[in-house]
file entry.cif (mmCIF, C-alpha atoms and all ligand atoms)
data_start
loop_
_atom_site.label_atom_id
_atom_site.label_comp_id
_atom_site.auth_asym_id
_atom_site.auth_seq_id
_atom_site.Cartn_x
_atom_site.Cartn_y
_atom_site.Cartn_z
CA MET A 1 24.38 6.29 -32.34
CA LYS A 2 27.41 3.97 -32.16
CA GLU A 3 27.63 4.59 -28.44
CA GLU A 4 23.89 3.98 -28.00
CA ASN A 5 24.19 0.63 -29.82
CA GLN A 6 26.76 -0.49 -27.27
CA LYS A 7 24.05 -0.19 -24.65
CA LYS A 8 21.95 -2.83 -26.40
CA ILE A 9 22.43 -6.28 -24.96
CA SER A 10 21.14 -9.83 -25.49
CA GLY A 11 21.25 -12.58 -22.90
CA PHE A 12 21.46 -10.09 -20.01
CA SER A 13 19.17 -12.15 -17.80
CA SER A 14 21.46 -15.21 -17.97
CA MET A 15 24.61 -13.28 -17.09
CA ARG A 16 26.12 -13.71 -13.62
CA LYS A 17 25.19 -10.96 -11.19
CA ARG A 18 28.78 -9.67 -11.02
CA ASP A 19 28.92 -9.43 -14.82
CA LYS A 20 25.57 -7.65 -14.94
CA ILE A 21 26.89 -5.01 -12.55
CA LYS A 22 30.13 -4.67 -14.49
CA TRP A 23 28.26 -4.19 -17.76
CA ILE A 24 25.93 -1.59 -16.23
CA ALA A 25 28.75 0.24 -14.49
CA LYS A 26 30.82 0.36 -17.68
CA ASN A 27 28.00 1.51 -19.95
CA PHE A 28 25.98 3.87 -17.79
CA PHE A 29 28.30 5.39 -15.17
CA LYS A 30 31.27 7.73 -15.21
CA ASP A 31 32.92 6.03 -12.22
CA PRO A 32 32.45 2.28 -12.89
CA ASP A 33 34.80 1.02 -10.19
CA VAL A 34 33.09 3.04 -7.47
CA VAL A 35 29.67 1.91 -8.69
CA ILE A 36 30.67 -1.77 -8.75
CA LYS A 37 31.96 -1.51 -5.21
CA GLU A 38 28.91 0.37 -3.98
CA LEU A 39 26.30 -1.91 -5.54
CA SER A 40 28.12 -5.01 -4.33
CA SER A 41 28.32 -3.58 -0.83
CA TYR A 42 24.54 -3.90 -0.50
CA TRP A 43 24.56 -7.64 -1.15
CA HIS A 44 23.49 -9.67 1.84
CA SER A 45 26.45 -11.09 3.74
CA ASN A 46 24.65 -14.44 3.91
CA ASP A 47 24.43 -16.17 0.49
CA ASP A 48 21.25 -18.08 1.38
CA GLN A 49 19.49 -14.88 2.41
CA GLN A 50 20.66 -13.18 -0.79
CA LYS A 51 19.26 -16.07 -2.82
CA ILE A 52 15.86 -15.56 -1.18
CA LEU A 53 15.89 -11.87 -2.08
CA ASP A 54 17.05 -12.58 -5.63
CA GLY A 55 14.17 -15.01 -5.99
CA PHE A 56 11.59 -12.21 -5.65
CA SER A 57 12.48 -10.50 -8.90
CA GLU A 58 14.51 -10.73 -12.10
CA ASN A 59 17.82 -9.21 -13.20
CA THR A 60 18.65 -8.32 -9.61
CA ILE A 61 22.00 -6.62 -9.24
CA SER A 62 21.83 -5.59 -5.61
CA ASN A 63 19.40 -4.79 -2.80
CA PHE A 64 17.67 -1.46 -2.26
CA PRO A 65 17.62 -0.67 1.47
CA MET A 66 14.68 1.20 2.96
CA PRO A 67 14.34 2.24 6.61
CA PHE A 68 12.46 -0.30 8.74
CA GLY A 69 10.91 1.49 11.71
CA VAL A 70 8.32 0.79 14.38
CA ALA A 71 5.49 2.85 15.85
CA PRO A 72 4.77 1.74 19.43
CA ASN A 73 1.71 2.43 21.61
CA PHE A 74 -1.01 1.44 19.17
CA LEU A 75 -4.01 0.35 21.24
CA ILE A 76 -6.33 -1.34 18.74
CA ASP A 77 -9.50 -3.10 19.86
CA GLY A 78 -8.04 -3.35 23.35
CA LYS A 79 -4.71 -4.91 22.31
CA THR A 80 -1.39 -3.03 22.28
CA TYR A 81 0.77 -3.26 19.17
CA CYS A 82 4.16 -2.03 18.11
CA VAL A 83 3.53 -1.48 14.39
CA PRO A 84 6.30 -2.16 11.83
CA MET A 85 6.62 0.50 9.12
CA VAL A 86 8.81 0.69 6.02
CA THR A 87 8.96 4.18 4.55
CA GLU A 88 11.53 6.53 3.07
CA GLU A 89 9.57 9.63 4.11
CA SER A 90 10.80 11.35 7.25
CA SER A 91 8.18 12.24 9.88
CA VAL A 92 5.80 9.42 8.89
CA VAL A 93 6.75 7.01 11.69
CA ALA A 94 7.08 9.84 14.23
CA ALA A 95 3.63 11.16 13.26
CA ALA A 96 1.98 7.72 13.49
CA SER A 97 3.62 7.06 16.88
CA SER A 98 2.54 10.41 18.25
CA ALA A 99 -1.11 9.92 17.20
CA ALA A 100 -1.10 6.33 18.51
CA LYS A 101 0.05 7.54 21.93
CA PHE A 102 -2.45 10.41 21.91
CA TRP A 103 -5.35 7.97 21.31
CA MET A 104 -3.96 5.28 23.62
CA ASP A 105 -4.62 7.74 26.45
CA ARG A 106 -8.18 8.25 25.18
CA GLY A 107 -9.43 4.67 24.82
CA GLY A 108 -7.45 3.62 21.76
CA ILE A 109 -8.59 2.88 18.21
CA GLN A 110 -11.61 0.68 17.47
CA THR A 111 -12.13 -1.29 14.26
CA GLU A 112 -14.80 -3.31 12.50
CA ILE A 113 -14.29 -5.69 9.57
CA ILE A 114 -17.11 -5.14 7.07
CA ASP A 115 -16.36 -8.25 4.96
CA THR A 116 -13.42 -10.07 3.38
CA VAL A 117 -14.89 -11.05 0.02
CA LYS A 118 -12.46 -10.94 -2.94
CA LEU A 119 -13.40 -10.78 -6.59
CA GLY A 120 -12.30 -12.05 -9.98
CA GLN A 121 -13.55 -11.72 -13.55
CA VAL A 122 -13.63 -13.69 -16.79
CA HIS A 123 -14.18 -11.31 -19.71
CA PHE A 124 -15.63 -12.94 -22.81
CA PHE A 125 -17.55 -12.44 -26.05
CA TRP A 126 -20.69 -14.42 -26.80
CA TYR A 127 -21.52 -14.71 -30.51
CA ASP A 128 -24.60 -17.00 -30.46
CA ASP A 129 -28.18 -16.29 -29.34
CA PRO A 130 -27.99 -14.54 -25.90
CA ALA A 131 -30.99 -16.63 -24.74
CA ILE A 132 -28.82 -19.79 -24.91
CA LEU A 133 -26.15 -18.16 -22.73
CA LEU A 134 -28.69 -17.13 -20.08
CA LYS A 135 -30.82 -20.28 -20.17
CA HIS A 136 -27.86 -22.61 -19.58
CA PHE A 137 -25.88 -20.48 -17.14
CA ASP A 138 -26.92 -22.52 -14.06
CA GLY A 139 -25.60 -25.66 -15.77
CA ALA A 140 -22.38 -23.87 -16.76
CA LYS A 141 -21.93 -22.65 -13.19
CA GLU A 142 -22.37 -26.15 -11.81
CA LYS A 143 -19.72 -27.43 -14.23
CA MET A 144 -17.32 -24.61 -13.30
CA LEU A 145 -17.71 -25.37 -9.58
CA GLU A 146 -17.32 -29.11 -10.19
CA ASN A 147 -14.14 -28.61 -12.22
CA THR A 148 -12.57 -26.34 -9.60
CA SER A 149 -13.48 -28.50 -6.60
CA ASP A 150 -9.94 -29.96 -6.42
CA ILE A 151 -8.28 -26.56 -6.71
CA ALA A 152 -10.58 -25.17 -4.00
CA SER A 153 -10.53 -28.14 -1.63
CA ASN A 154 -7.73 -26.83 0.64
CA MET A 155 -9.27 -23.38 0.80
CA VAL A 156 -12.66 -24.96 1.63
CA LYS A 157 -11.03 -26.97 4.46
CA ARG A 158 -9.71 -23.68 5.87
CA GLY A 159 -13.22 -22.16 5.77
CA GLY A 160 -13.01 -20.32 2.46
CA GLY A 161 -13.53 -21.08 -1.23
CA ILE A 162 -15.62 -19.89 -4.16
CA THR A 163 -18.76 -18.23 -2.87
CA ASP A 164 -20.53 -17.13 -6.06
CA ILE A 165 -20.29 -16.83 -9.85
CA GLU A 166 -22.52 -14.26 -11.57
CA LEU A 167 -23.09 -13.64 -15.26
CA LEU A 168 -23.08 -9.94 -16.18
CA ASP A 169 -24.29 -8.52 -19.49
CA PHE A 170 -22.22 -5.59 -20.80
CA THR A 171 -23.55 -5.69 -24.39
CA ASP A 172 -25.02 -2.19 -24.02
CA LYS A 173 -21.44 -0.90 -23.58
CA LYS A 174 -19.61 -3.20 -26.01
CA LYS A 175 -21.01 -5.58 -28.62
CA ASN A 176 -21.07 -9.27 -27.50
CA TYR A 177 -19.26 -8.47 -24.22
CA TYR A 178 -20.20 -10.48 -21.10
CA GLN A 179 -18.46 -11.12 -17.85
CA LEU A 180 -18.27 -13.69 -15.11
CA LYS A 181 -17.93 -11.99 -11.75
CA ALA A 182 -16.78 -14.51 -9.17
CA SER A 183 -16.54 -14.06 -5.39
CA PHE A 184 -14.03 -15.79 -3.14
CA GLN A 185 -13.11 -16.09 0.51
CA THR A 186 -9.38 -16.69 0.83
CA CYS A 187 -9.04 -16.89 4.65
CA ASP A 188 -5.62 -15.61 5.77
CA SER A 189 -4.04 -15.58 2.33
CA MET A 190 -4.16 -12.75 -0.20
CA GLY A 191 -5.32 -15.52 -2.53
CA ALA A 192 -4.22 -14.04 -5.87
CA ASN A 193 -2.88 -17.34 -7.22
CA PHE A 194 -5.88 -19.29 -5.99
CA ILE A 195 -8.32 -16.83 -7.57
CA ASN A 196 -6.48 -16.63 -10.90
CA THR A 197 -6.19 -20.42 -11.14
CA CYS A 198 -9.94 -20.80 -10.48
CA LEU A 199 -10.77 -18.12 -13.05
CA GLU A 200 -8.72 -19.77 -15.80
CA GLU A 201 -10.44 -23.06 -15.02
CA PHE A 202 -13.87 -21.32 -15.14
CA ALA A 203 -12.99 -19.95 -18.58
CA GLN A 204 -12.05 -23.37 -19.93
CA SER A 205 -15.01 -25.18 -18.36
CA MET A 206 -17.48 -22.57 -19.53
CA THR A 207 -16.07 -22.63 -23.07
CA SER A 208 -16.40 -26.40 -23.52
CA TYR A 209 -19.80 -26.46 -21.78
CA TYR A 210 -21.30 -23.87 -24.13
CA GLN A 211 -19.59 -25.30 -27.21
CA ASN A 212 -21.39 -28.58 -26.45
CA ILE A 213 -24.74 -26.88 -25.86
CA SER A 214 -24.68 -24.63 -28.93
CA GLY A 215 -22.89 -27.12 -31.18
CA LYS A 216 -20.61 -24.32 -32.39
CA ASP A 217 -16.92 -24.02 -31.49
CA ASP A 218 -16.96 -20.29 -32.13
CA CYS A 219 -19.98 -19.40 -29.96
CA ILE A 220 -17.68 -17.99 -27.26
CA GLU A 221 -14.32 -16.21 -27.12
CA ILE A 222 -12.46 -15.74 -23.86
CA ILE A 223 -10.62 -12.43 -23.71
CA MET A 224 -9.01 -12.67 -20.27
CA SER A 225 -9.37 -14.08 -16.76
CA ILE A 226 -7.94 -12.14 -13.83
CA LEU A 227 -8.76 -11.12 -10.26
CA SER A 228 -10.05 -7.62 -9.67
CA ASN A 229 -8.06 -5.48 -7.27
CA TYR A 230 -11.24 -3.54 -6.64
CA THR A 231 -12.71 -5.25 -3.59
CA PRO A 232 -15.08 -2.65 -2.13
CA GLU A 233 -16.66 -5.07 0.34
CA CYS A 234 -13.35 -6.43 1.60
CA ARG A 235 -13.29 -3.44 3.88
CA VAL A 236 -12.47 -2.24 7.37
CA LYS A 237 -13.61 0.71 9.43
CA ALA A 238 -11.33 2.22 12.09
CA TRP A 239 -12.35 5.03 14.44
CA VAL A 240 -11.47 7.06 17.50
CA GLU A 241 -13.81 9.07 19.69
CA CYS A 242 -13.81 11.01 22.93
CA PRO A 243 -15.57 13.94 24.59
CA ILE A 244 -14.27 17.17 23.03
CA SER A 245 -12.99 18.34 26.40
CA ALA A 246 -10.78 15.21 26.63
CA LEU A 247 -8.87 16.29 23.52
CA GLY A 248 -6.88 18.67 25.74
CA GLU A 249 -5.11 21.84 24.70
CA PHE A 250 -3.09 22.22 21.50
CA LYS A 251 0.00 24.18 20.50
CA GLY A 252 -0.46 27.95 20.56
CA SER A 253 -3.00 27.57 23.41
CA MET A 254 -5.64 26.35 20.97
CA THR A 255 -8.63 25.05 22.92
CA ALA A 256 -10.11 21.59 22.37
CA GLU A 257 -13.30 23.17 20.96
CA VAL A 258 -11.44 25.25 18.38
CA PHE A 259 -9.26 22.27 17.45
CA ALA A 260 -12.26 19.93 17.00
CA THR A 261 -14.07 22.45 14.79
CA ARG A 262 -11.00 23.14 12.65
CA PHE A 263 -10.23 19.45 12.37
CA ASN A 264 -13.80 18.75 11.28
CA ASP A 265 -13.60 21.60 8.74
CA ALA A 266 -10.37 20.17 7.32
CA ILE A 267 -12.03 16.77 6.82
CA GLU A 268 -15.08 18.38 5.19
CA ILE A 269 -12.78 20.24 2.79
CA ALA A 270 -11.19 16.90 1.80
CA GLU A 271 -14.71 15.52 1.27
CA ILE A 272 -15.63 18.43 -0.99
CA ASP A 273 -12.48 19.17 -3.01
CA GLN A 274 -10.61 16.50 -4.95
CA TYR A 275 -7.32 18.44 -5.03
CA ARG A 276 -7.29 18.40 -1.25
CA ALA A 277 -8.73 14.84 -1.09
CA THR A 278 -5.79 13.50 -3.12
CA THR A 279 -3.22 14.93 -0.70
CA HIS A 280 -5.35 13.98 2.29
CA ASN A 281 -5.64 10.36 1.11
CA LYS A 282 -1.93 10.32 0.22
CA GLY A 283 -1.31 11.09 3.88
CA ILE A 284 -3.51 8.13 4.88
CA TYR A 285 -1.51 5.87 2.54
CA ASN A 286 1.74 7.12 4.08
CA GLY A 287 0.68 5.02 7.05
CA ILE A 288 -1.12 2.21 5.25
CA ASP A 289 1.63 1.54 2.67
CA SER A 290 4.36 1.52 5.32
CA VAL A 291 2.71 -1.36 7.17
CA ILE A 292 1.67 -3.08 3.96
CA ILE A 293 5.29 -3.07 2.72
CA ALA A 294 6.67 -4.11 6.11
CA THR A 295 4.35 -7.13 6.19
CA GLY A 296 5.11 -8.23 2.61
CA ASN A 297 1.73 -7.27 1.16
CA ASP A 298 0.96 -5.65 -2.19
CA PHE A 299 0.83 -1.87 -1.73
CA ARG A 300 -0.05 -1.22 -5.40
CA ALA A 301 -3.18 -3.36 -5.08
CA ILE A 302 -4.17 -1.76 -1.77
CA GLU A 303 -3.67 1.77 -3.10
CA SER A 304 -5.42 1.34 -6.44
CA CYS A 305 -8.38 -0.25 -4.66
CA GLY A 306 -8.54 2.55 -2.10
CA HIS A 307 -8.47 5.27 -4.73
CA THR A 308 -11.23 3.59 -6.76
CA TYR A 309 -13.30 3.34 -3.58
CA ALA A 310 -12.62 7.01 -2.86
CA SER A 311 -13.97 7.83 -6.35
CA GLU A 312 -17.31 6.05 -6.08
CA ASN A 313 -19.21 9.35 -5.89
CA GLY A 314 -16.53 11.65 -7.23
CA TYR A 315 -13.04 11.47 -5.68
CA SER A 316 -13.30 12.26 -1.98
CA SER A 317 -11.78 11.74 1.45
CA LEU A 318 -11.48 8.21 2.83
CA SER A 319 -11.76 9.57 6.37
CA HIS A 320 -14.64 11.39 8.01
CA CYS A 321 -15.36 13.32 11.18
CA SER A 322 -18.36 14.27 13.29
CA ILE A 323 -18.99 16.45 16.31
CA ASP A 324 -22.23 15.49 18.04
CA ASN A 325 -23.29 15.98 21.66
CA ASN A 326 -19.83 17.27 22.53
CA THR A 327 -18.25 14.07 21.22
CA PHE A 328 -15.46 14.15 18.65
CA LYS A 329 -15.47 11.15 16.33
CA PHE A 330 -13.00 10.50 13.51
CA TRP A 331 -13.10 7.45 11.28
CA LEU A 332 -11.59 5.81 8.24
CA ASP A 333 -13.51 3.50 5.94
CA VAL A 334 -11.16 1.72 3.59
CA PRO A 335 -10.99 -1.44 1.43
CA MET A 336 -8.07 -3.65 2.37
CA ALA A 337 -7.28 -7.04 0.78
CA VAL A 338 -4.31 -8.43 2.72
CA GLY A 339 -2.77 -11.78 3.59
CA THR A 340 -0.73 -13.04 6.50
CA VAL A 341 0.19 -16.44 5.06
CA GLY A 342 1.72 -17.39 1.73
CA GLY A 343 3.56 -15.28 -0.83
CA LEU A 344 6.08 -12.73 0.36
CA THR A 345 4.60 -12.76 3.88
CA SER A 346 6.15 -16.19 4.45
CA LEU A 347 9.32 -15.71 2.38
CA HIS A 348 10.70 -12.26 3.05
CA PRO A 349 12.80 -12.50 6.22
CA ILE A 350 11.85 -9.04 7.49
CA ALA A 351 8.18 -9.38 6.51
CA LYS A 352 8.13 -12.55 8.61
CA ARG A 353 9.66 -10.61 11.53
CA SER A 354 7.09 -7.83 11.09
CA LEU A 355 4.27 -10.34 11.38
CA GLU A 356 5.96 -11.89 14.40
CA LEU A 357 6.21 -8.42 15.97
CA LEU A 358 2.44 -8.15 15.48
CA GLU A 359 2.11 -11.58 17.15
CA ASN A 360 1.22 -13.32 13.89
CA PRO A 361 -2.18 -11.75 13.22
CA SER A 362 -4.92 -13.23 11.06
CA ALA A 363 -5.67 -11.39 7.81
CA LYS A 364 -8.65 -9.72 9.53
CA GLU A 365 -6.50 -8.56 12.44
CA LEU A 366 -3.93 -7.18 10.00
CA MET A 367 -6.72 -5.28 8.19
CA SER A 368 -7.53 -3.63 11.53
CA ILE A 369 -3.90 -2.81 12.32
CA VAL A 370 -3.28 -1.31 8.88
CA ALA A 371 -6.47 0.76 8.93
CA ALA A 372 -5.68 1.98 12.46
CA THR A 373 -2.24 3.10 11.28
CA GLY A 374 -3.79 4.94 8.31
CA LEU A 375 -6.21 6.65 10.69
CA ALA A 376 -3.45 7.64 13.11
CA GLN A 377 -1.31 8.96 10.25
CA ASN A 378 -4.19 11.05 8.96
CA PHE A 379 -5.00 12.34 12.46
CA SER A 380 -1.41 13.48 12.96
CA ALA A 381 -1.24 15.22 9.57
CA ILE A 382 -4.52 17.10 10.06
CA ARG A 383 -3.63 17.96 13.66
CA SER A 384 -0.39 19.57 12.44
CA LEU A 385 -2.07 21.28 9.50
CA VAL A 386 -4.78 22.96 11.61
CA THR A 387 -2.48 23.90 14.52
CA THR A 388 1.22 24.59 13.87
CA GLY A 389 1.34 23.89 10.15
CA ILE A 390 3.14 20.90 8.66
CA GLN A 391 6.53 22.52 8.17
CA GLU A 392 7.46 22.71 11.85
CA GLY A 393 7.78 18.93 12.12
CA HIS A 394 9.04 18.44 8.59
CA MET A 395 11.74 21.06 8.95
CA LYS A 396 13.23 19.29 11.96
CA MET A 397 13.70 16.18 9.82
CA HIS A 398 14.85 18.29 6.88
CA LEU A 399 17.47 19.95 9.06
CA LYS A 400 18.65 16.54 10.24
CA ASN A 401 19.02 15.33 6.64
CA ILE A 402 20.91 18.46 5.55
CA LEU A 403 23.25 18.19 8.52
CA ARG A 404 23.91 14.55 7.70
CA HIS A 405 24.61 15.48 4.09
CA LEU A 406 27.10 18.17 5.23
CA GLU A 407 28.75 15.62 7.55
CA ALA A 408 28.02 17.60 10.71
CA THR A 409 29.48 16.30 13.96
CA ASP A 410 27.24 15.53 16.96
CA ARG A 411 28.26 18.85 18.50
CA GLU A 412 27.47 20.78 15.33
CA TYR A 413 24.16 18.94 15.14
CA GLU A 414 23.20 20.10 18.63
CA SER A 415 24.13 23.74 18.05
CA ALA A 416 22.37 23.75 14.65
CA CYS A 417 19.15 22.42 16.22
CA LEU A 418 19.30 25.21 18.77
CA TYR A 419 20.10 27.89 16.20
CA PHE A 420 17.37 26.82 13.75
CA LYS A 421 14.68 26.39 16.40
CA ASP A 422 12.98 29.59 15.25
CA ARG A 423 14.78 30.21 11.93
CA VAL A 424 14.00 29.17 8.37
CA VAL A 425 15.83 25.98 7.35
CA SER A 426 17.28 25.77 3.85
CA PHE A 427 20.31 23.98 2.46
CA GLY A 428 22.11 27.34 2.01
CA SER A 429 21.34 28.65 5.49
CA VAL A 430 22.51 25.43 7.17
CA ARG A 431 25.68 25.31 5.04
CA ASP A 432 26.46 28.97 5.92
CA PHE A 433 25.84 28.29 9.61
CA LEU A 434 28.22 25.33 9.60
CA GLN A 435 30.87 27.23 7.62
CA LYS A 436 30.81 30.16 10.04
CA ASN A 437 30.92 27.81 13.00
CA ARG A 438 33.83 25.86 11.55
CA GLN A 439 35.75 29.04 10.64
CA SER A 440 35.34 30.48 14.15
CA ILE A 441 36.77 27.28 15.65
CA SER A 442 39.79 26.95 13.29
C1 LIG B 1 2.79 14.37 3.26
O1 LIG B 1 3.44 13.20 2.86
C2 LIG B 1 1.36 14.06 3.65
C3 LIG B 1 0.50 15.27 3.94
O2 LIG B 1 0.56 16.20 2.86
C4 LIG B 1 -0.92 14.77 4.13
C5 LIG B 1 -1.97 15.86 4.26
O3 LIG B 1 -1.76 16.96 3.73
O4 LIG B 1 -3.01 15.55 4.84
C6 LIG B 1 0.99 16.03 5.16
#
call {"tool": "encode", "arguments": {"input": "entry.cif", "output": "structure tokens"}}
result
Amino acid sequence: MKEENQKKISGFSSMRKRDKIKWIAKNFFKDPDVVIKELSSYWHSNDDQQKILDGFSENTISNFPMPFGVAPNFLIDGKTYCVPMVTEESSVVAAASSAAKFWMDRGGIQTEIIDTVKLGQVHFFWYDDPAILLKHFDGAKEKMLENTSDIASNMVKRGGGITDIELLDFTDKKKNYYQLKASFQTCDSMGANFINTCLEEFAQSMTSYYQNISGKDDCIEIIMSILSNYTPECRVKAWVECPISALGEFKGSMTAEVFATRFNDAIEIAEIDQYRATTHNKGIYNGIDSVIIATGNDFRAIESCGHTYASENGYSSLSHCSIDNNTFKFWLDVPMAVGTVGGLTSLHPIAKRSLELLENPSAKELMSIVAATGLAQNFSAIRSLVTTGIQEGHMKMHLKNILRHLEATDREYESACLYFKDRVVSFGSVRDFLQKNRQSIS
């Protein structure tokens, strides 16, 4: 217990970064000096850059590097992109690149933006006669819009703003519970701050408006005002299609017809079974999240929204397939609230470079790029699953990682790749191979 008490600390957040690391190293690690050196080694060599990174979060002690890769050859709506991807999972970038190239030779990926409307809610309790709330809602709405006109003026100039405020009655689910559901267009920004500021103003304006009308201060109680990350209409569709014969031949001499049928079956299975759908959609988000992170967007928001959308009629696949008149069509229909200006997109040095690499797209264009990457990722995964199996590709990367861990030389790397071409890769088998090789040389 005495030892545990030493791990309690006050004033940690105001300590200098070096002292934070020292305290952590001393209290939580067996080799403090090594840890201090290692954590400090990931600081940015440029103090100004480090300050920018530190500004994103609290109690920062170092940086956490993740691989920043690119997937070239994405032909989306007739334009060629080299897509930036941040992921720690091996094979993801290779799989996206391979599918992008495959479809580039078959007309590329097409997309359509369904809408870009974003949503926010004010949750409140109404304690007076419900008829008063309903009868005066138009007046309350007018007041709310009037009081937010300054906040919204810049967004309106850019072509966006507040597009609607609805009053929803939830009293059948919870006593006295009502909701404002507000819609927004936030142009090229994610708009979270704009939406939340408007919502808090709505809450205040509505409260004083109704207090005046009913003559009672306690007629209304605001519970909370916050945007909803569920934006089912802020959505994009991405698809690929070609005659079945143009799909070509697949590994193991699988014909295009057999491949198309199996692929279609695999998608139907993900539509039917939620255990499979979860893994299937995870594969889609391997691609989506990588681009979302690389461009400084909020992957938690994008994912939670996508999974809610996938659950609308029981959790199911976000992608679909059809085979009609000898045409293979594969599409992804996914909600996607992103921004290309403001927030991290304009502050994070690499996010800025990612957007530059994409030639500074609008939010709509980024929706298309991200959805196309999710589609490509999914295509690659299903193609592997229904042809060679997923392990063939994964094992190559796994072998590479094990060899790196065992500090293999370039020469050893080459001979290991040859040896394990048709053998099962495991940590033990690779270690034994290297040991034998090294013994025979010495
Ligand atoms: C692995 O990260 C993703 C896959 O499991 C996706 C899938 O099964 O469709 C390969």
call {"tool": "atom_distance", "arguments": {"input": "entry.cif", "atom1": "atom CA of Ser368 of chain A", "atom2": "atom CA of Tyr81 of chain A"}}
result
11.3 Å
call {"tool": "closest_atom_pairs", "arguments": {"input": "entry.cif", "of": "segment 197-229 of chain A", "to": "segment 174-187 of chain A", "cutoff": "10 Å", "atoms": "all atoms listed in the file", "output": "tab-separated table"}}
result
residue	atom	partner	partner_atom	distance
A:Cys198	CA	A:Ala182	CA	9.4
A:Leu199	CA	A:Ala182	CA	8.0
A:Phe202	CA	A:Leu180	CA	8.8
A:Ala203	CA	A:Leu180	CA	8.9
A:Met206	CA	A:Leu180	CA	10.0
A:Ile220	CA	A:Asn176	CA	9.4
A:Glu221	CA	A:Tyr177	CA	9.6
A:Ile222	CA	A:Gln179	CA	9.7
A:Ile223	CA	A:Tyr177	CA	9.5
A:Met224	CA	A:Gln179	CA	9.9
A:Ser225	CA	A:Leu180	CA	9.1
A:Leu227	CA	A:Ala182	CA	8.8
A:Ser228	CA	A:Lys181	CA	9.2
call {"tool": "residues_around", "arguments": {"input": "entry.cif", "residues": "segment 423-436 of chain A", "least_positions_apart": "4", "cutoff": "10 Å", "atoms": "only C-alpha atoms", "output": "MDAnalysis selection string"}}
result
chainID A and resid 391:392 395:396 398:399 401:403 405:408 412:413 415:419 440:441
call {"tool": "write_last_selection", "arguments": {"input": "entry.cif", "atoms": "C-alpha atoms", "output": "PDB file, in the frame of the given file"}}
result
ATOM      1  CA  GLN A 391       6.530  22.520   8.170  1.00  0.00           C
ATOM      2  CA  GLU A 392       7.460  22.710  11.850  1.00  0.00           C
ATOM      3  CA  MET A 395      11.740  21.060   8.950  1.00  0.00           C
ATOM      4  CA  LYS A 396      13.230  19.290  11.960  1.00  0.00           C
ATOM      5  CA  HIS A 398      14.850  18.290   6.880  1.00  0.00           C
ATOM      6  CA  LEU A 399      17.470  19.950   9.060  1.00  0.00           C
ATOM      7  CA  ASN A 401      19.020  15.330   6.640  1.00  0.00           C
ATOM      8  CA  ILE A 402      20.910  18.460   5.550  1.00  0.00           C
ATOM      9  CA  LEU A 403      23.250  18.190   8.520  1.00  0.00           C
ATOM     10  CA  HIS A 405      24.610  15.480   4.090  1.00  0.00           C
ATOM     11  CA  LEU A 406      27.100  18.170   5.230  1.00  0.00           C
ATOM     12  CA  GLU A 407      28.750  15.620   7.550  1.00  0.00           C
ATOM     13  CA  ALA A 408      28.020  17.600  10.710  1.00  0.00           C
ATOM     14  CA  GLU A 412      27.470  20.780  15.330  1.00  0.00           C
ATOM     15  CA  TYR A 413      24.160  18.940  15.140  1.00  0.00           C
ATOM     16  CA  SER A 415      24.130  23.740  18.050  1.00  0.00           C
ATOM     17  CA  ALA A 416      22.370  23.750  14.650  1.00  0.00           C
ATOM     18  CA  CYS A 417      19.150  22.420  16.220  1.00  0.00           C
ATOM     19  CA  LEU A 418      19.300  25.210  18.770  1.00  0.00           C
ATOM     20  CA  TYR A 419      20.100  27.890  16.200  1.00  0.00           C
ATOM     21  CA  SER A 440      35.340  30.480  14.150  1.00  0.00           C
ATOM     22  CA  ILE A 441      36.770  27.280  15.650  1.00  0.00           C
TER      23      ILE A 441
END
call {"tool": "closest_residue", "arguments": {"input": "entry.cif", "among": "A:Ser319, A:Ser442, A:Asn286, A:Ser311", "to": "ligand LIG 1 (chain B)", "atoms": "all atoms listed in the file"}}
result
A:Asn286
call {"tool": "closest_residue", "arguments": {"input": "entry.cif", "among": "A:Phe328, A:Phe420, A:Phe263, A:Tyr315", "to": "ligand LIG 1 (chain B)", "atoms": "all atoms listed in the file"}}
result
A:Phe263
call {"tool": "residues_around", "arguments": {"input": "entry.cif", "residues": "Gly393 of chain A", "least_positions_apart": "4", "cutoff": "10 Å", "atoms": "only C-alpha atoms", "output": "list in words"}}
result
Ser90, Ser91, Ala94, Ala95, Ser384, Thr388, Gly389, Met397 and His398 of chain A
call {"tool": "closest_residue", "arguments": {"input": "entry.cif", "among": "A:Lys37, A:Lys364, A:Arg383, A:Lys173", "to": "ligand LIG 1 (chain B)", "atoms": "only C-alpha atoms and all ligand atoms"}}
result
A:Arg383
call {"tool": "residues_near_ligand", "arguments": {"input": "entry.cif", "ligand": "ligand LIG 1 (chain B)", "cutoff": "8 Å", "atoms": "only C-alpha atoms and all ligand atoms", "output": "PyMOL selection string"}}
result
chain A and resi 89+92+276+279-284+286+378+381-382+385+390
call {"tool": "atom_distance", "arguments": {"input": "entry.cif", "atom1": "atom CA of Ile61 of chain A", "atom2": "atom CA of Ile21 of chain A"}}
result
6.1 Å
call {"tool": "closest_residue", "arguments": {"input": "entry.cif", "among": "A:Val240, A:Leu358, A:Cys234, A:Leu75", "to": "Ile302 of chain A", "atoms": "all atoms listed in the file"}}
result
A:Cys234
